[in-house]
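Quick notes on the structure that follows.
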Amino acid sequence: MGRGKKKSFGSKGRGGSHVNGERKRYKKFEELARDNKSFRKYYTTQQIVSEDEFSELMETMRTVLPTNFRITGSRQQATDIREQIMTEFVPYIRKVRIDGAEIEAPHPLPWYPNEFGWQFSIPRIALKKSTELANFHSFLVTETEIGNISRQEAVSMVPPLLLDVRSDHIVLDMCAAPGSKTAQLVEALHVDVAADQTPSGLVVANDADYKRACMLVHQINRLGSPNVVVTNHSGERFPTIRNDAHEAVQFDRILCDVPCSGDGTTRKNVRVWEKWSADDAHALNPLQIKILQRAAYLLKTGGRIVYSTCSLNPVENEAVVAHVLNHFEGALRLVDVSGELPALKRRPGMKTWKFMARDGSFHDSPETVEASTATRGTRRHLEEFLPLSPERMDELHMERCMRIYPHLQNTGGFFVAVIEKVAPISVDEKKKAAEAAERISKRIDARAAARNENDKVAEDGQCVETDQPVCKRQKVESGGDEEMAVEGIADEAIADEAIADKDIADEDTADIDIADEDSADEDAADGTPNAHGKRAPYLPDNPREDPALRENPFVFMDPSTSDLKAVLDYYGIKDSMLGRGFLSRMENGMFRTVYYVADSVRQIMDYAGSRLRVVNTGIKVFGRSSVKEAGCAYRLVCEGVPQLLPHLGDKYVIEVPFVDLRTLIEHVNPLLSLMSEETQRRVSKVAPSCSVIMCYDPAKHAGDEEKPFTRLTALLSIPCWRGGASLSAHINKSQLRSLNHRVLGRVADKNSTFKLDNNARDSDSVAMSADSPAVCADDA
């Protein structure tokens, strides 16, 4: 995760920002510098790679990233999508010439399982503009919109794979937006689970920013999983959930893809070059430590945490991991994953690095850092920015961390650490906080004594060697209101920017409280001031909780009472589904949409109550119909069809041959007379003005003369509205484009003039089908 939404303290006009009273000219993408002297100096001094290799690293970081995407592996049609890419697009692209030159065809990432991760050497912008590759671009866009494909940077796919999620796991993604990694976790939960069942586990996808959490909902909804809860909490303050026995509910797996400076994303976020500063990492390190500490308390013994950033900076990476492992005194250990994803090229974690002060000097110890070269907030955390003793770093096996550099396999930069909880945590957090405060106090006292000695020497007229006048040093050391105000603004800006490169690293895009030390770093467990008027230190075992979310809560519905029973009875929902979780958000005393959640989600929501800030959960299964004379007041929603299909009454599930599937896709709203006699007979048994599901099973029609354009193996199910004389497919435009391409071989770009036969009906046909409602916004 990298930089994100940032606060503006000046003009946002297209002409650029104001600097010293003058307007700074807005630079085009091509004009942006792709180098930074401080960046180069910092990383050559840290020796993240050899001197000879550093030139290759820098050269790669200046180039644009290739296009990467991932096939949704938990869906039945995943192999169909993969085969379509291999048989239709790869051979075609091998023949394409752009400006007379051959281009490299898309190829599977060698380390991603089942050839579901792909890379294309053409950058994303070039792919979008190329006329020769328009069909492939349209295919990627369409399949992404309906959830069959996710556009995601290659290295961003690594953390979920190493988390090793299984179907019975309770999983927490602490900083989830925009959701590409969360989608991988959900997919892993559903792998090898039968179509008529749901996993016993769940994924809690959390983000600190409410708006970003809502973006996350859109990403997750594409997958149609009833095993996901989207929440809105600060990661370091995620609440403890207790069961009926008042025991803490802990997670089997936790992903900590934390806010970071994002300097590994220069190939996509070119502006990192001109904005980069070592202070970015210094501002973020305290928050990163808090999130990882909180995750340790939320994890089961024997569970696994994956900590990751899209930064190359050891202050955000190894420093955080080492100090958190050391803090918990043996309860956590680094897992050796060198044998996992063997084709992925990586480098071991670092064990030594230096602190870079604002004057460009490097330091191995907090004692050597001059007060004038670091902010007050930075000085308070100097110990956390530096490595532990060499012996301790060896004991922690820091080499087990994973560093991924852009030049190794044509990717972005990334850091991953896999951590296992090997014993219950028995740390006295209050005692630890008091000891830390005492160490800081002693260091401040020592500096004050040294300053007084300098003052005394100066008063005696003796020369004192210093980089600046004593009076100036005193002003900085004093930490007056002016310094605190400047530091507060600077650190707050860095923190607000530091949400981002989830957007950047994940190919998509929480406000954080890290202003200066006297406020953000001292979040209280109970929110009450101490004797000095300041809040108590942050305690990861018992953090202050976020307030309840102000919106209509989800309400679980009893399937044996109210309007829900009438809906379930009408569609013949079988007993196998009646005991599950149906819920809704009441509006004016009635429900408009019914959602369905797995048992595991219902249980954790019952345990948490209002303490869990639930933004969204479940999949839509029933939506209120707009047809007043409908046989049932609710229709089936496309999103929920895969979950409802195994439990629907038989007469509402109609198997069709390919000829009827083609008619339905070509016309969208065909007259019943256009369908085969058998399909007409089956549909006639269903009362008008209700929903039915039209299913095409390729296995049962393998011997038919007419077959789909591409080889299909997965069942296709299309929800339809049964009108008086017609059927109306209740699918959105993206799903329709996908079916046209995969089934009929007709390519329809979202911006093209492609029209369906249904749009050219005569007036009589239109009149006859007027009893079919339009596709609702729920499905679009």
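Naming scheme: A, B, ... for chains in displayed order of the structure tokens; residues 1 onward per chain; ligands 1 onward as shown.
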Please provide as a PyMOL selection string all residues within 8 Å of stretch 287-290 of chain A, with the sequence filter that same-chain residues fewer than 2 positions apart are discarded (counting only C-alpha atoms). chain A and resi 236+258-259+284-285+292-294+316+320-321+323-324+514+521+540
Restricted to C-alpha atoms, what would the selected residues look like written as a short mmCIF file (atom, residue, chain, number, x, y, z; two decimals), in the first residue's frame?
data_model
loop_
_atom_site.label_atom_id
_atom_site.label_comp_id
_atom_site.auth_asym_id
_atom_site.auth_seq_id
_atom_site.Cartn_x
_atom_site.Cartn_y
_atom_site.Cartn_z
CA GLU A 236 -4.52 -0.06 14.86
CA VAL A 258 0.02 -1.13 5.51
CA PRO A 259 0.09 2.53 4.38
CA LEU A 284 4.72 6.32 8.72
CA ASN A 285 6.83 3.94 10.80
CA LEU A 292 1.32 -4.90 13.13
CA GLN A 293 1.21 -4.97 16.94
CA ARG A 294 -2.58 -4.89 16.90
CA GLU A 316 9.12 0.87 6.82
CA VAL A 320 8.92 -2.46 11.71
CA VAL A 321 9.14 -6.25 11.62
CA HIS A 323 10.94 -4.13 16.54
CA VAL A 324 7.51 -5.78 16.65
CA ILE A 514 -0.09 10.46 12.13
CA ASP A 521 1.33 8.83 18.46
CA PRO A 540 -2.13 -2.54 21.23
#
If we count only C-alpha atoms, what is near A:Ile220 at a cut-off of 9 Å, once residues fewer than 3 positions away on the same chain are taken out, given as number ranges by chain? A: 147, 179-180, 182-183, 186, 215-217, 223-225, 228, 230
Since we have the selection now, will you write its residues out, keeping N, CA and C atoms, as a PDB file, in the first residue's frame?
ATOM      1  N   GLY A 147     -16.016  -9.373 -12.996  1.00  0.00           N
ATOM      2  CA  GLY A 147     -15.348 -10.123 -11.937  1.00  0.00           C
ATOM      3  C   GLY A 147     -14.585 -11.352 -12.372  1.00  0.00           C
ATOM      4  N   GLY A 179      -8.810  -3.204  -2.741  1.00  0.00           N
ATOM      5  CA  GLY A 179      -9.428  -4.511  -2.670  1.00  0.00           C
ATOM      6  C   GLY A 179      -8.909  -5.609  -3.571  1.00  0.00           C
ATOM      7  N   SER A 180      -7.851  -5.376  -4.333  1.00  0.00           N
ATOM      8  CA  SER A 180      -7.350  -6.444  -5.209  1.00  0.00           C
ATOM      9  C   SER A 180      -6.822  -7.625  -4.405  1.00  0.00           C
ATOM     10  N   THR A 182      -7.686  -8.293  -1.301  1.00  0.00           N
ATOM     11  CA  THR A 182      -8.858  -8.858  -0.623  1.00  0.00           C
ATOM     12  C   THR A 182      -9.575  -9.836  -1.535  1.00  0.00           C
ATOM     13  N   ALA A 183      -9.685  -9.477  -2.811  1.00  0.00           N
ATOM     14  CA  ALA A 183     -10.340 -10.362  -3.768  1.00  0.00           C
ATOM     15  C   ALA A 183      -9.608 -11.701  -3.845  1.00  0.00           C
ATOM     16  N   VAL A 186     -10.609 -13.771  -0.852  1.00  0.00           N
ATOM     17  CA  VAL A 186     -11.961 -14.322  -1.007  1.00  0.00           C
ATOM     18  C   VAL A 186     -11.927 -15.511  -1.964  1.00  0.00           C
ATOM     19  N   MET A 215     -15.526   1.992  -1.904  1.00  0.00           N
ATOM     20  CA  MET A 215     -14.887   1.514  -3.132  1.00  0.00           C
ATOM     21  C   MET A 215     -14.596   0.021  -3.036  1.00  0.00           C
ATOM     22  N   LEU A 216     -14.204  -0.379  -1.866  1.00  0.00           N
ATOM     23  CA  LEU A 216     -13.895  -1.788  -1.607  1.00  0.00           C
ATOM     24  C   LEU A 216     -15.136  -2.660  -1.816  1.00  0.00           C
ATOM     25  N   VAL A 217     -16.298  -2.143  -1.443  1.00  0.00           N
ATOM     26  CA  VAL A 217     -17.550  -2.883  -1.614  1.00  0.00           C
ATOM     27  C   VAL A 217     -17.762  -3.224  -3.087  1.00  0.00           C
ATOM     28  N   LEU A 223     -17.326 -10.471  -6.988  1.00  0.00           N
ATOM     29  CA  LEU A 223     -17.046 -11.880  -6.739  1.00  0.00           C
ATOM     30  C   LEU A 223     -18.261 -12.661  -6.267  1.00  0.00           C
ATOM     31  N   GLY A 224     -19.294 -11.958  -5.792  1.00  0.00           N
ATOM     32  CA  GLY A 224     -20.520 -12.631  -5.374  1.00  0.00           C
ATOM     33  C   GLY A 224     -20.340 -13.602  -4.228  1.00  0.00           C
ATOM     34  N   SER A 225     -19.590 -13.208  -3.216  1.00  0.00           N
ATOM     35  CA  SER A 225     -19.357 -14.097  -2.070  1.00  0.00           C
ATOM     36  C   SER A 225     -20.193 -13.669  -0.870  1.00  0.00           C
ATOM     37  N   VAL A 228     -18.095 -12.395   3.137  1.00  0.00           N
ATOM     38  CA  VAL A 228     -17.278 -11.192   3.296  1.00  0.00           C
ATOM     39  C   VAL A 228     -18.038 -10.139   4.093  1.00  0.00           C
ATOM     40  N   VAL A 230     -17.391  -6.024   5.035  1.00  0.00           N
ATOM     41  CA  VAL A 230     -16.570  -4.830   4.837  1.00  0.00           C
ATOM     42  C   VAL A 230     -16.784  -3.901   6.022  1.00  0.00           C
TER      43      VAL A 230
END
Nearby residues (only C-alpha atoms) at most 12 Å from A:Ile122, same-chain spacing under 3 positions excluded, as an NGL selection string: :A and (63-68 or 93 or 98 or 102-107 or 119 or 125-130 or 133 or 136-137 or 410)
Write out as a list in words which residues come within 7 Å of A:Gln250 when counting only C-alpha atoms, dropping same-chain ones fewer than 3 positions away. Leu298, Leu299 and Lys300 of chain A
Okay, now the selection with all heavy atoms, as a PDB file, in the first residue's frame?
ATOM      1  N   LEU A 298      -4.754  -9.866  17.584  1.00  0.00           N
ATOM      2  CA  LEU A 298      -5.968 -10.388  16.963  1.00  0.00           C
ATOM      3  C   LEU A 298      -5.770 -11.769  16.361  1.00  0.00           C
ATOM      4  O   LEU A 298      -6.738 -12.431  15.974  1.00  0.00           O
ATOM      5  CB  LEU A 298      -6.446  -9.422  15.871  1.00  0.00           C
ATOM      6  CG  LEU A 298      -6.895  -8.037  16.341  1.00  0.00           C
ATOM      7  CD1 LEU A 298      -7.086  -7.111  15.147  1.00  0.00           C
ATOM      8  CD2 LEU A 298      -8.189  -8.129  17.146  1.00  0.00           C
ATOM      9  N   LEU A 299      -4.524 -12.244  16.286  1.00  0.00           N
ATOM     10  CA  LEU A 299      -4.196 -13.507  15.629  1.00  0.00           C
ATOM     11  C   LEU A 299      -4.239 -14.682  16.599  1.00  0.00           C
ATOM     12  O   LEU A 299      -3.825 -14.578  17.746  1.00  0.00           O
ATOM     13  CB  LEU A 299      -2.797 -13.404  15.011  1.00  0.00           C
ATOM     14  CG  LEU A 299      -2.325 -14.573  14.152  1.00  0.00           C
ATOM     15  CD1 LEU A 299      -3.107 -14.627  12.843  1.00  0.00           C
ATOM     16  CD2 LEU A 299      -0.825 -14.451  13.858  1.00  0.00           C
ATOM     17  N   LYS A 300      -4.724 -15.810  16.100  1.00  0.00           N
ATOM     18  CA  LYS A 300      -4.694 -17.043  16.884  1.00  0.00           C
ATOM     19  C   LYS A 300      -3.264 -17.548  17.020  1.00  0.00           C
ATOM     20  O   LYS A 300      -2.429 -17.332  16.140  1.00  0.00           O
ATOM     21  CB  LYS A 300      -5.519 -18.136  16.198  1.00  0.00           C
ATOM     22  CG  LYS A 300      -7.016 -17.951  16.225  1.00  0.00           C
ATOM     23  CD  LYS A 300      -7.687 -19.106  15.499  1.00  0.00           C
ATOM     24  CE  LYS A 300      -9.206 -18.940  15.494  1.00  0.00           C
ATOM     25  NZ  LYS A 300      -9.872 -20.038  14.733  1.00  0.00           N
TER      26      LYS A 300
END
What are the DSSP strand (DSSP E) residues of stretch 555-647 of chain A, as a PyMOL selection string? chain A and resi 555-557+581-584+586-587+590-591+593-597+614-617+619-624+634-636
If we count only C-alpha atoms and set the cut-off at 10 Å, which residues sit around stretch 348-353 of chain A, ignoring sequence neighbours fewer than 4 positions away in its own chain? Please answer as JSON, numbers by chain. {"A": [43, 45, 46, 47, 48, 313, 314, 315, 317, 318, 319, 322, 338, 362, 363, 364, 385, 386, 387, 388, 389, 390, 391, 392, 393, 394, 396, 397, 398, 399, 400, 401, 402, 403, 404, 415, 416, 417]}
Smallest atom-to-atom distance to A:His407: which of A:Ala449, A:Cys695, A:Gly264, A:Pro646, using only C-alpha atoms? A:Gly264
Point-to-point distance in Å for atom CA of A:Arg34 and atom CA of A:Trp276: 11.2 Å
For A:Gly413, which of A:Ser261, A:Thr240, A:Thr713, A:Thr375 is the closest residue, counting only C-alpha atoms?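 Closest residue, counting only C-alpha atoms: A:Ser261.
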